[in-house]
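> mmCIF, C-alpha atoms and all ligand atoms, saved as target.cif, coming up:
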```cif
data_model
loop_
_atom_site.group_PDB
_atom_site.id
_atom_site.type_symbol
_atom_site.label_atom_id
_atom_site.label_comp_id
_atom_site.auth_asym_id
_atom_site.auth_seq_id
_atom_site.Cartn_x
_atom_site.Cartn_y
_atom_site.Cartn_z
ATOM 1 C CA MET A 131 61.737 2.252 -254.076
ATOM 2 C CA ALA A 132 63.346 3.131 -250.783
ATOM 3 C CA ILE A 133 62.255 6.063 -248.680
ATOM 4 C CA LYS A 134 64.842 7.750 -246.517
ATOM 5 C CA PHE A 135 64.507 10.592 -244.004
ATOM 6 C CA GLU A 136 67.748 12.302 -242.997
ATOM 7 C CA GLN A 137 67.736 14.702 -240.064
ATOM 8 C CA VAL A 138 64.290 16.022 -240.939
ATOM 9 C CA ASN A 139 62.952 18.875 -238.846
ATOM 10 C CA PHE A 140 59.520 20.257 -239.559
ATOM 11 C CA SER A 141 57.650 23.248 -238.146
ATOM 12 C CA TYR A 142 54.129 24.339 -239.033
ATOM 13 C CA GLY A 143 54.219 28.051 -239.809
ATOM 14 C CA ALA A 144 58.019 28.001 -240.083
ATOM 15 C CA GLY A 145 59.440 31.502 -240.110
ATOM 16 C CA THR A 146 56.383 33.044 -238.429
ATOM 17 C CA THR A 147 55.910 33.974 -234.789
ATOM 18 C CA LEU A 148 53.424 31.101 -234.514
ATOM 19 C CA ALA A 149 55.920 28.474 -235.681
ATOM 20 C CA GLN A 150 55.331 25.118 -234.050
ATOM 21 C CA SER A 151 58.136 22.629 -234.221
ATOM 22 C CA VAL A 152 56.657 19.156 -234.723
ATOM 23 C CA LEU A 153 59.338 16.812 -236.133
ATOM 24 C CA HIS A 154 62.786 16.750 -234.557
ATOM 25 C CA HIS A 155 65.845 15.168 -236.248
ATOM 26 C CA VAL A 156 63.824 12.418 -237.870
ATOM 27 C CA SER A 157 66.068 9.885 -239.611
ATOM 28 C CA LEU A 158 64.630 6.590 -240.820
ATOM 29 C CA GLU A 159 64.424 4.236 -243.745
ATOM 30 C CA MET A 160 61.550 2.324 -245.332
ATOM 31 C CA LYS A 161 62.464 -0.497 -247.678
ATOM 32 C CA THR A 162 61.221 -1.069 -251.203
ATOM 33 C CA GLY A 163 58.446 -3.642 -251.368
ATOM 34 C CA ALA A 164 58.078 -3.796 -247.588
ATOM 35 C CA ILE A 165 55.196 -2.888 -245.297
ATOM 36 C CA THR A 166 56.118 -0.281 -242.693
ATOM 37 C CA ALA A 167 53.774 0.580 -239.824
ATOM 38 C CA ILE A 168 54.012 3.861 -237.947
ATOM 39 C CA ILE A 169 52.640 3.954 -234.429
ATOM 40 C CA GLY A 170 52.668 6.440 -231.570
ATOM 41 C CA GLN A 171 50.254 8.375 -229.428
ATOM 42 C CA THR A 172 47.996 11.079 -230.882
ATOM 43 C CA GLY A 173 49.956 14.257 -231.565
ATOM 44 C CA SER A 174 53.318 12.482 -231.844
ATOM 45 C CA GLY A 175 53.757 13.625 -235.457
ATOM 46 C CA LYS A 176 52.715 10.553 -237.472
ATOM 47 C CA SER A 177 50.472 12.349 -239.970
ATOM 48 C CA THR A 178 52.992 15.175 -240.336
ATOM 49 C CA LEU A 179 55.719 12.615 -241.015
ATOM 50 C CA VAL A 180 53.882 10.717 -243.760
ATOM 51 C CA GLN A 181 52.815 13.897 -245.545
ATOM 52 C CA HIS A 182 56.489 14.355 -246.364
ATOM 53 C CA ILE A 183 56.445 11.176 -248.441
ATOM 54 C CA ASN A 184 54.356 12.740 -251.227
ATOM 55 C CA GLY A 185 55.661 16.256 -250.721
ATOM 56 C CA LEU A 186 52.460 17.656 -249.309
ATOM 57 C CA LEU A 187 54.751 18.990 -246.596
ATOM 58 C CA LYS A 188 58.420 19.757 -247.144
ATOM 59 C CA PRO A 189 61.097 19.460 -244.464
ATOM 60 C CA THR A 190 61.921 22.762 -242.774
ATOM 61 C CA SER A 191 65.447 21.377 -242.724
ATOM 62 C CA GLY A 192 66.927 18.003 -243.615
ATOM 63 C CA LYS A 193 66.133 15.790 -246.577
ATOM 64 C CA VAL A 194 63.687 13.096 -247.631
ATOM 65 C CA THR A 195 64.687 10.805 -250.501
ATOM 66 C CA ILE A 196 61.985 8.829 -252.265
ATOM 67 C CA ASP A 197 63.690 6.599 -254.821
ATOM 68 C CA ASP A 198 65.701 9.144 -256.811
ATOM 69 C CA PHE A 199 63.576 12.137 -255.783
ATOM 70 C CA GLU A 200 65.096 14.489 -253.220
ATOM 71 C CA LEU A 201 62.688 16.575 -251.161
ATOM 72 C CA THR A 202 64.042 19.529 -249.207
ATOM 73 C CA SER A 203 62.787 22.966 -248.170
ATOM 74 C CA LYS A 204 63.963 24.171 -251.581
ATOM 75 C CA THR A 205 61.906 21.754 -253.715
ATOM 76 C CA LYS A 206 59.610 23.662 -256.066
ATOM 77 C CA GLU A 207 55.892 22.917 -256.306
ATOM 78 C CA LYS A 208 56.063 22.010 -260.001
ATOM 79 C CA GLU A 209 58.785 19.418 -259.364
ATOM 80 C CA LEU A 210 56.374 17.599 -257.074
ATOM 81 C CA VAL A 211 54.241 16.262 -259.942
ATOM 82 C CA THR A 212 56.613 13.329 -260.509
ATOM 83 C CA LEU A 213 56.600 12.537 -256.791
ATOM 84 C CA ARG A 214 52.790 12.589 -256.562
ATOM 85 C CA GLN A 215 52.676 10.095 -259.403
ATOM 86 C CA LYS A 216 54.896 7.706 -257.468
ATOM 87 C CA VAL A 217 53.106 8.044 -254.144
ATOM 88 C CA GLY A 218 49.408 7.431 -253.516
ATOM 89 C CA MET A 219 48.119 8.832 -250.240
ATOM 90 C CA VAL A 220 45.026 8.060 -248.184
ATOM 91 C CA PHE A 221 44.555 10.766 -245.563
ATOM 92 C CA GLN A 222 43.453 10.400 -241.972
ATOM 93 C CA PHE A 223 40.154 12.138 -242.710
ATOM 94 C CA PRO A 224 39.071 10.854 -246.142
ATOM 95 C CA GLU A 225 36.111 13.238 -246.303
ATOM 96 C CA ASN A 226 38.698 16.013 -246.781
ATOM 97 C CA GLN A 227 40.156 14.166 -249.732
ATOM 98 C CA LEU A 228 36.935 13.584 -251.702
ATOM 99 C CA PHE A 229 35.594 16.349 -253.884
ATOM 100 C CA ALA A 230 33.882 15.177 -257.098
ATOM 101 C CA ASN A 231 30.145 14.864 -257.748
ATOM 102 C CA THR A 232 30.261 11.110 -258.062
ATOM 103 C CA VAL A 233 32.358 8.305 -256.658
ATOM 104 C CA ILE A 234 33.580 7.224 -260.087
ATOM 105 C CA GLU A 235 34.664 10.753 -261.077
ATOM 106 C CA ASP A 236 36.519 11.100 -257.815
ATOM 107 C CA VAL A 237 38.544 7.956 -258.432
ATOM 108 C CA MET A 238 39.143 8.870 -262.104
ATOM 109 C CA TYR A 239 40.760 12.144 -261.095
ATOM 110 C CA ALA A 240 44.328 10.888 -260.527
ATOM 111 C CA PRO A 241 44.619 8.774 -263.700
ATOM 112 C CA LEU A 242 43.165 11.674 -265.741
ATOM 113 C CA ASN A 243 45.579 14.050 -264.070
ATOM 114 C CA PHE A 244 48.529 11.807 -264.879
ATOM 115 C CA GLY A 245 47.651 11.559 -268.559
ATOM 116 C CA SER A 246 45.185 8.680 -269.076
ATOM 117 C CA ASN A 247 42.311 9.362 -271.479
ATOM 118 C CA LYS A 248 38.763 9.224 -270.165
ATOM 119 C CA GLU A 249 38.107 5.656 -271.163
ATOM 120 C CA ALA A 250 41.356 4.351 -269.664
ATOM 121 C CA ALA A 251 40.813 6.405 -266.485
ATOM 122 C CA ARG A 252 37.335 4.951 -266.107
ATOM 123 C CA SER A 253 38.590 1.422 -266.494
ATOM 124 C CA LEU A 254 41.387 2.036 -263.917
ATOM 125 C CA ALA A 255 38.864 3.609 -261.528
ATOM 126 C CA GLU A 256 36.468 0.671 -261.888
ATOM 127 C CA LYS A 257 39.299 -1.762 -261.217
ATOM 128 C CA ALA A 258 40.401 0.163 -258.115
ATOM 129 C CA LEU A 259 36.858 0.480 -256.740
ATOM 130 C CA THR A 260 36.302 -3.227 -257.218
ATOM 131 C CA ARG A 261 39.601 -4.063 -255.549
ATOM 132 C CA VAL A 262 38.711 -2.111 -252.390
ATOM 133 C CA GLY A 263 35.158 -3.468 -252.316
ATOM 134 C CA VAL A 264 33.013 -0.486 -253.303
ATOM 135 C CA ALA A 265 29.844 -1.930 -254.873
ATOM 136 C CA GLU A 266 28.948 -0.796 -258.383
ATOM 137 C CA SER A 267 25.607 0.504 -257.094
ATOM 138 C CA LEU A 268 27.552 3.281 -255.313
ATOM 139 C CA TRP A 269 29.665 4.470 -258.221
ATOM 140 C CA MET A 270 27.250 7.143 -259.417
ATOM 141 C CA LYS A 271 26.438 8.399 -255.910
ATOM 142 C CA SER A 272 27.922 11.479 -254.321
ATOM 143 C CA PRO A 273 30.903 10.440 -252.182
ATOM 144 C CA PHE A 274 29.492 12.648 -249.436
ATOM 145 C CA ASP A 275 26.368 10.472 -249.130
ATOM 146 C CA LEU A 276 28.474 7.476 -248.120
ATOM 147 C CA SER A 277 29.259 6.119 -244.667
ATOM 148 C CA GLY A 278 32.682 6.820 -243.124
ATOM 149 C CA GLY A 279 33.930 3.336 -243.974
ATOM 150 C CA GLN A 280 32.759 3.611 -247.587
ATOM 151 C CA MET A 281 34.336 7.065 -247.953
ATOM 152 C CA ARG A 282 37.613 5.605 -246.763
ATOM 153 C CA ARG A 283 37.397 2.865 -249.383
ATOM 154 C CA VAL A 284 36.707 5.435 -252.114
ATOM 155 C CA ALA A 285 39.690 7.517 -250.971
ATOM 156 C CA MET A 286 41.755 4.344 -251.071
ATOM 157 C CA ALA A 287 40.567 3.540 -254.592
ATOM 158 C CA GLY A 288 41.546 7.095 -255.562
ATOM 159 C CA ALA A 289 45.058 6.493 -254.239
ATOM 160 C CA LEU A 290 45.379 3.127 -256.000
ATOM 161 C CA ALA A 291 43.808 4.006 -259.350
ATOM 162 C CA SER A 292 46.920 5.477 -260.956
ATOM 163 C CA ASP A 293 48.950 2.457 -259.811
ATOM 164 C CA PRO A 294 51.563 4.302 -257.680
ATOM 165 C CA GLU A 295 54.692 2.500 -256.486
ATOM 166 C CA VAL A 296 54.243 3.670 -252.915
ATOM 167 C CA ILE A 297 50.961 3.683 -250.977
ATOM 168 C CA VAL A 298 50.699 5.676 -247.782
ATOM 169 C CA MET A 299 47.642 5.197 -245.589
ATOM 170 C CA ASP A 300 46.960 7.337 -242.530
ATOM 171 C CA GLU A 301 44.889 5.269 -240.085
ATOM 172 C CA PRO A 302 43.141 3.306 -242.837
ATOM 173 C CA ALA A 303 41.353 1.018 -240.374
ATOM 174 C CA ALA A 304 39.501 3.848 -238.645
ATOM 175 C CA GLY A 305 35.779 3.696 -239.345
ATOM 176 C CA LEU A 306 35.877 0.131 -240.691
ATOM 177 C CA ASP A 307 33.975 -2.730 -239.048
ATOM 178 C CA PRO A 308 35.879 -5.945 -238.200
ATOM 179 C CA LYS A 309 35.144 -7.466 -241.615
ATOM 180 C CA GLY A 310 36.295 -4.271 -243.338
ATOM 181 C CA GLN A 311 39.462 -4.280 -241.244
ATOM 182 C CA LYS A 312 40.241 -7.824 -242.255
ATOM 183 C CA GLU A 313 39.700 -6.927 -245.914
ATOM 184 C CA LEU A 314 41.993 -3.950 -245.470
ATOM 185 C CA LEU A 315 44.789 -6.134 -244.083
ATOM 186 C CA ASN A 316 44.341 -8.518 -247.003
ATOM 187 C CA LEU A 317 44.553 -5.575 -249.387
ATOM 188 C CA VAL A 318 47.780 -4.412 -247.737
ATOM 189 C CA LEU A 319 49.276 -7.890 -248.140
ATOM 190 C CA GLU A 320 48.059 -8.046 -251.739
ATOM 191 C CA LEU A 321 49.728 -4.692 -252.496
ATOM 192 C CA LYS A 322 52.976 -6.042 -251.106
ATOM 193 C CA LYS A 323 52.687 -9.093 -253.371
ATOM 194 C CA LEU A 324 52.350 -6.695 -256.305
ATOM 195 C CA GLY A 325 55.700 -5.224 -255.254
ATOM 196 C CA LYS A 326 54.297 -2.001 -253.785
ATOM 197 C CA THR A 327 55.925 -0.200 -250.899
ATOM 198 C CA VAL A 328 53.268 0.294 -248.227
ATOM 199 C CA VAL A 329 53.358 2.692 -245.281
ATOM 200 C CA PHE A 330 50.462 2.788 -242.857
ATOM 201 C CA ILE A 331 49.688 4.509 -239.582
ATOM 202 C CA SER A 332 47.814 2.426 -237.050
ATOM 203 C CA HIS A 333 46.547 2.358 -233.506
ATOM 204 C CA GLN A 334 45.872 -1.354 -233.726
ATOM 205 C CA MET A 335 48.855 -3.340 -232.619
ATOM 206 C CA ASP A 336 47.254 -6.565 -233.853
ATOM 207 C CA HIS A 337 47.285 -5.133 -237.368
ATOM 208 C CA VAL A 338 50.935 -4.179 -236.974
ATOM 209 C CA ILE A 339 52.004 -7.632 -235.807
ATOM 210 C CA HIS A 340 49.884 -9.228 -238.518
ATOM 211 C CA VAL A 341 51.228 -7.445 -241.599
ATOM 212 C CA ALA A 342 54.155 -5.105 -240.915
ATOM 213 C CA ASP A 343 57.759 -5.967 -241.791
ATOM 214 C CA LYS A 344 58.981 -2.937 -239.902
ATOM 215 C CA VAL A 345 57.569 -0.654 -237.259
ATOM 216 C CA ILE A 346 58.490 2.930 -236.464
ATOM 217 C CA VAL A 347 57.460 4.453 -233.145
ATOM 218 C CA MET A 348 56.968 8.208 -232.960
ATOM 219 C CA HIS A 349 57.057 9.989 -229.624
ATOM 220 C CA ASP A 350 56.918 13.791 -229.252
ATOM 221 C CA GLY A 351 58.052 14.296 -232.839
ATOM 222 C CA GLU A 352 61.037 11.983 -232.545
ATOM 223 C CA VAL A 353 61.647 8.451 -233.755
ATOM 224 C CA SER A 354 61.882 6.400 -230.575
ATOM 225 C CA ALA A 355 62.133 2.989 -232.239
ATOM 226 C CA GLU A 356 62.714 1.615 -235.720
ATOM 227 C CA THR A 357 62.646 -2.168 -235.604
ATOM 228 C CA THR A 358 60.672 -5.335 -236.330
ATOM 229 C CA PRO A 359 57.236 -5.830 -234.714
ATOM 230 C CA GLN A 360 58.576 -9.018 -233.069
ATOM 231 C CA GLU A 361 61.455 -7.210 -231.350
ATOM 232 C CA LEU A 362 59.287 -4.247 -230.403
ATOM 233 C CA PHE A 363 56.441 -6.156 -228.819
ATOM 234 C CA ASN A 364 58.836 -8.209 -226.720
ATOM 235 C CA ARG A 365 60.159 -5.090 -224.978
ATOM 236 C CA ASP A 366 59.638 -4.391 -221.318
ATOM 237 C CA ILE A 367 56.054 -3.458 -220.472
ATOM 238 C CA ASN A 368 57.172 -0.189 -218.871
ATOM 239 C CA TRP A 369 58.518 1.011 -222.199
ATOM 240 C CA PHE A 370 55.025 0.658 -223.705
ATOM 241 C CA LYS A 371 53.552 2.631 -220.822
ATOM 242 C CA GLU A 372 56.080 5.384 -221.370
ATOM 243 C CA MET A 373 55.253 5.523 -225.098
ATOM 244 C CA ARG A 374 51.543 5.240 -224.277
ATOM 245 C CA LEU A 375 51.250 2.246 -226.570
ATOM 246 C CA ASP A 376 49.301 -0.977 -226.208
ATOM 247 C CA LEU A 377 50.542 -4.492 -226.715
ATOM 248 C CA PRO A 378 48.753 -6.721 -229.225
ATOM 249 C CA LYS A 379 45.659 -8.311 -227.611
ATOM 250 C CA ALA A 380 47.400 -11.640 -226.903
ATOM 251 C CA GLY A 381 50.233 -9.804 -225.139
ATOM 252 C CA GLN A 382 47.783 -7.756 -223.072
ATOM 253 C CA PHE A 383 46.066 -10.954 -222.046
ATOM 254 C CA SER A 384 49.326 -12.621 -221.005
ATOM 255 C CA GLU A 385 50.179 -9.560 -218.884
ATOM 256 C CA LYS A 386 46.814 -10.003 -217.138
ATOM 257 C CA LEU A 387 47.521 -13.695 -216.619
ATOM 258 C CA GLU A 388 50.889 -12.840 -215.104
ATOM 259 C CA LYS A 389 49.238 -10.459 -212.633
ATOM 260 C CA ALA A 390 46.885 -13.295 -211.721
ATOM 261 C CA GLY A 391 49.926 -15.495 -210.995
ATOM 262 C CA ILE A 392 50.113 -17.467 -214.254
ATOM 263 C CA LYS A 393 53.411 -16.780 -215.992
ATOM 264 C CA LEU A 394 53.794 -18.021 -219.542
ATOM 265 C CA SER A 395 57.264 -18.998 -220.802
ATOM 266 C CA ARG A 396 57.284 -15.975 -223.149
ATOM 267 C CA ARG A 397 54.978 -13.191 -224.280
ATOM 268 C CA PRO A 398 52.599 -14.317 -227.053
ATOM 269 C CA LEU A 399 52.012 -11.845 -229.874
ATOM 270 C CA THR A 400 49.142 -13.565 -231.655
ATOM 271 C CA VAL A 401 46.107 -15.452 -230.416
ATOM 272 C CA ASP A 402 47.481 -18.704 -231.877
ATOM 273 C CA GLU A 403 50.717 -18.288 -229.920
ATOM 274 C CA LEU A 404 48.714 -17.512 -226.794
ATOM 275 C CA ALA A 405 46.700 -20.721 -227.196
ATOM 276 C CA ASP A 406 49.905 -22.744 -227.718
ATOM 277 C CA LEU A 407 51.562 -21.321 -224.620
ATOM 278 C CA ILE A 408 48.505 -21.890 -222.428
ATOM 279 C CA ASN A 409 48.316 -25.458 -223.732
ATOM 280 C CA LYS A 410 51.949 -26.075 -222.759
ATOM 281 C CA GLU A 411 51.312 -24.564 -219.329
ATOM 282 C CA ILE A 412 48.383 -26.937 -218.743
ATOM 283 C CA ASP A 413 50.367 -29.964 -219.986
ATOM 284 C CA HIS A 414 53.105 -29.128 -217.449
ATOM 285 C CA GLU A 415 50.771 -29.267 -214.474
HETATM 286 N N1 LIG A 501 48.111 22.141 -239.843
HETATM 287 C C1 LIG A 501 48.686 22.237 -238.632
HETATM 288 N N2 LIG A 501 49.050 23.438 -238.127
HETATM 289 C C2 LIG A 501 49.650 23.534 -236.914
HETATM 290 N N3 LIG A 501 49.904 22.499 -236.113
HETATM 291 C C3 LIG A 501 49.554 21.272 -236.556
HETATM 292 C C4 LIG A 501 48.922 21.073 -237.824
HETATM 293 N N4 LIG A 501 48.689 19.746 -237.986
HETATM 294 C C5 LIG A 501 49.154 19.138 -236.864
HETATM 295 N N5 LIG A 501 49.661 20.060 -236.006
HETATM 296 C C6 LIG A 501 50.289 19.769 -234.702
HETATM 297 O O1 LIG A 501 51.416 18.949 -234.916
HETATM 298 C C7 LIG A 501 51.528 17.953 -233.900
HETATM 299 C C8 LIG A 501 51.575 16.580 -234.537
HETATM 300 O O2 LIG A 501 50.342 16.341 -235.178
HETATM 301 P P1 LIG A 501 50.086 15.097 -236.128
HETATM 302 O O3 LIG A 501 51.200 14.990 -237.104
HETATM 303 O O4 LIG A 501 48.710 15.242 -236.660
HETATM 304 O O5 LIG A 501 50.198 13.893 -235.083
HETATM 305 P P2 LIG A 501 49.528 12.439 -235.105
HETATM 306 O O6 LIG A 501 49.176 12.101 -236.505
HETATM 307 O O7 LIG A 501 50.587 11.544 -234.524
HETATM 308 O O8 LIG A 501 48.332 12.491 -234.208
HETATM 309 C C9 LIG A 501 50.348 18.170 -232.949
HETATM 310 O O9 LIG A 501 50.802 18.925 -231.881
HETATM 311 C C10 LIG A 501 49.377 18.946 -233.808
HETATM 312 O O10 LIG A 501 48.591 19.773 -233.004
HETATM 313 MG MG MG A 502 47.358 11.623 -237.377
#
```
Show the structure stored in the file as structure tokens.
Ligand SMILES: Nc1ncnc2c1ncn2[C@@H]1O[C@H](COP(=O)(O)OP(=O)(O)O)[C@@H](O)[C@H]1O
Ligand SMILES: [Mg+2]

Amino acid sequence: MAIKFEQVNFSYGAGTTLAQSVLHHVSLEMKTGAITAIIGQTGSGKSTLVQHINGLLKPTSGKVTIDDFELTSKTKEKELVTLRQKVGMVFQFPENQLFANTVIEDVMYAPLNFGSNKEAARSLAEKALTRVGVAESLWMKSPFDLSGGQMRRVAMAGALASDPEVIVMDEPAAGLDPKGQKELLNLVLELKKLGKTVVFISHQMDHVIHVADKVIVMHDGEVSAETTPQELFNRDINWFKEMRLDLPKAGQFSEKLEKAGIKLSRRPLTVDELADLINKEIDHE
């Protein structure tokens, strides 16, 4: 299920005196079954962009195509039901997404909404909660009594429960400890194996290099790069400064080494590559 943006412009409050233009001529493509990461400094339009994928926002002009669904300014609210069924979304602030009295009811909401009976919805919810690592002891608790990381997992289970073809996650690693982050990356890879199309927003370049097939860089509401993580992270360091982006940790470290007078033969993007390159450097001396 391919996702395509064609010349998408978006303004909050379009048509009012307070209109704020946020996305400018956004054209891009995300492949079926691939993992796409979206990066860019705060305020560059990442969250606004991804909310077009499930029709929460509609382009002010231009078109978004999700499989055979065409989303434009003219799309009617009731047509969006089919799109919402295809696209599961985990928002940047999961506490805004949760609403039910208990964790289990929250996660059952989407399957119930899309036509499962109560028993089937419960079984789907239990499966999703287990998959994202929410312990059974929490299922009858209020989602609002959970920690930030747990809330995020519940929101994620809610997005996965109805088995959508596309999963969009807005900064899913925020609020997770290192173990939780590792589990999240494994989940993303597992979703890809199941044939899902995954889109995630991240500030962690190590996550991007680790799992993404494609990376899209947003800058001031425009797409400033659409490429592979490998190509991107080998760009000139000044470009990253301009975009206010970091390199993956290994790349940052090699930049530091270079300043200290130790130049590696190329820029490492993972810690393993960094170790290899340092080894070679030592063997040369
Ligand atoms: N609901 C909204 N109403 C008006 N402006 C908004 C709203 N949400 C975001 N914005 C503005 O749109 C711009 C892009 O925001 P956002 O898409 O949240 O960026 P990012 O996710 O990259 O941080 C920012 O200038 C932000 O202030
Ligand atoms: Mg955001």
> Find the nearest atom pair between each residue of region 174-202 of chain A and region 313-335 of chain A for residues within 12 Å, count all atoms listed in the file, give distances in Å to one decimal, sort rows by chain and ascending number, and present the table as CSV.

```
residue,atom,partner,partner_atom,distance
A:Ser174,CA,A:Ile331,CA,11.7
A:Gly175,CA,A:Ile331,CA,10.8
A:Lys176,CA,A:Ile331,CA,7.1
A:Ser177,CA,A:Ile331,CA,7.9
A:Thr178,CA,A:Ile331,CA,11.2
A:Leu179,CA,A:Ile331,CA,10.2
A:Val180,CA,A:Val329,CA,8.2
A:Gln181,CA,A:Val329,CA,11.2
A:Ile183,CA,A:Val329,CA,9.6
A:Asn184,CA,A:Val329,CA,11.7
A:Ile196,CA,A:Thr327,CA,11.0
A:Asp197,CA,A:Thr327,CA,11.0
```
> Could you write out the selected residues, including C-alpha atoms, as a short mmCIF file (atom, residue, chain, number, x, y, z; two decimals), in the coordinates of the input?

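Saved result, selection-v5.cif, follows:
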```
data_model
loop_
_atom_site.label_atom_id
_atom_site.label_comp_id
_atom_site.auth_asym_id
_atom_site.auth_seq_id
_atom_site.Cartn_x
_atom_site.Cartn_y
_atom_site.Cartn_z
CA SER A 174 53.32 12.48 -231.84
CA GLY A 175 53.76 13.62 -235.46
CA LYS A 176 52.72 10.55 -237.47
CA SER A 177 50.47 12.35 -239.97
CA THR A 178 52.99 15.18 -240.34
CA LEU A 179 55.72 12.62 -241.02
CA VAL A 180 53.88 10.72 -243.76
CA GLN A 181 52.82 13.90 -245.54
CA ILE A 183 56.44 11.18 -248.44
CA ASN A 184 54.36 12.74 -251.23
CA ILE A 196 61.98 8.83 -252.26
CA ASP A 197 63.69 6.60 -254.82
#
```
> Using all atoms listed in the file, pick whichever of A:Ile339, A:Ala265, A:Val220, A:Leu187 has the shortest atom-to-atom distance to Ala289 (chain A).
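With all atoms listed in the file as the atom set, the closest residue is A:Val220.
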> Neighbours of region 381-391 of chain A within 9 Å (only C-alpha atoms; same-chain residues fewer than 4 positions away dropped), as a VMD selection string?
chain A and resid 363 to 364 367 376 to 377 396 to 401 404
> If we count all atoms listed in the file, what is near region 238-248 of chain A at a cut-off of 12 Å, once residues fewer than 2 positions away on the same chain are taken out, given as an NGL selection string?
:A and (211-219 or 227-236 or 250-259 or 269 or 284-294)
> Counting only C-alpha atoms and all ligand atoms, name the residues that have an atom within 12 Å of an atom of ligand LIG 501 (chain A); the answer should be given as a ChimeraX atom specification.
/A:140-144,146,148-154,168-182,186-187,221-223,299-301,330-333,346-353
> Calculated over only C-alpha atoms and all ligand atoms, which of the candidates A:Lys206, A:Pro302, A:Lys188, A:Lys193 has the smallest distance to ligand MG 502 (chain A)?
A:Pro302
> Given only C-alpha atoms and all ligand atoms as the basis, pick out the residue of A:Ile412, A:Lys379, A:Glu225, A:Ala304 nearest to ligand MG 502 (chain A).
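Ranked by minimum distance to ligand MG 502 (chain A), first place goes to A:Ala304.
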> Could you tell me which residues the PyMOL selection byres (((chain A and resi 274-282) around 6) and not hetatm) returns for this structure, as a PyMOL selection string?
chain A and resi 224+272-273+283-285+305-306
> Find the residues with any atom within 6 Å of (54.2, -23.2, -220.8); use all atoms listed in the file and the coordinates as given in the file, and write the answer as a CSV table (one decimal) with C-alpha atoms, in the coordinates of the input.

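What ended up in out08.csv:
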```csv
chain,number,residue,atom,x,y,z
A,394,LEU,CA,53.8,-18.0,-219.5
A,395,SER,CA,57.3,-19.0,-220.8
A,407,LEU,CA,51.6,-21.3,-224.6
A,410,LYS,CA,51.9,-26.1,-222.8
A,411,GLU,CA,51.3,-24.6,-219.3
```
> Hey, can you check how far CA of Ser354 (chain A) sits from CA of Met160 (chain A)?
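According to the coordinates, CA of Ser354 (chain A) and CA of Met160 (chain A) are separated by 15.3 Å.
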> Care to translate the PyMOL selection byres (((chain A and resi 342) around 8) and not hetatm) into actual residues of this file, as an MDAnalysis selection string?
chainID A and resid 164:167 337:341 343:345 358:359
> Please compute the CA of Val138 (chain A)-CA of Asp366 (chain A) distance, one decimal, in Å.
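Pair CA of Val138 (chain A) / CA of Asp366 (chain A) returns 28.7 Å.
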> Could you tell me which residues the PyMOL selection byres (((chain A and resi 133) around 9) and not hetatm) grabs in this file, written as a short mmCIF file (atom, residue, chain, number, x, y, z; two decimals) with C-alpha atoms, keeping the file's coordinate frame?

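Result file follows (out.cif):
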```cif
data_model
loop_
_atom_site.label_atom_id
_atom_site.label_comp_id
_atom_site.auth_asym_id
_atom_site.auth_seq_id
_atom_site.Cartn_x
_atom_site.Cartn_y
_atom_site.Cartn_z
CA MET A 131 61.74 2.25 -254.08
CA ALA A 132 63.35 3.13 -250.78
CA LYS A 134 64.84 7.75 -246.52
CA PHE A 135 64.51 10.59 -244.00
CA LEU A 158 64.63 6.59 -240.82
CA GLU A 159 64.42 4.24 -243.74
CA MET A 160 61.55 2.32 -245.33
CA LYS A 161 62.46 -0.50 -247.68
CA THR A 162 61.22 -1.07 -251.20
CA ILE A 183 56.44 11.18 -248.44
CA VAL A 194 63.69 13.10 -247.63
CA THR A 195 64.69 10.80 -250.50
CA ILE A 196 61.98 8.83 -252.26
CA ASP A 197 63.69 6.60 -254.82
#
```
> For CA of Phe370 (chain A) and CA of Gln311 (chain A), determine how far apart the two atoms are, in Å to one decimal place.
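Those two atoms sit 24.0 Å apart.
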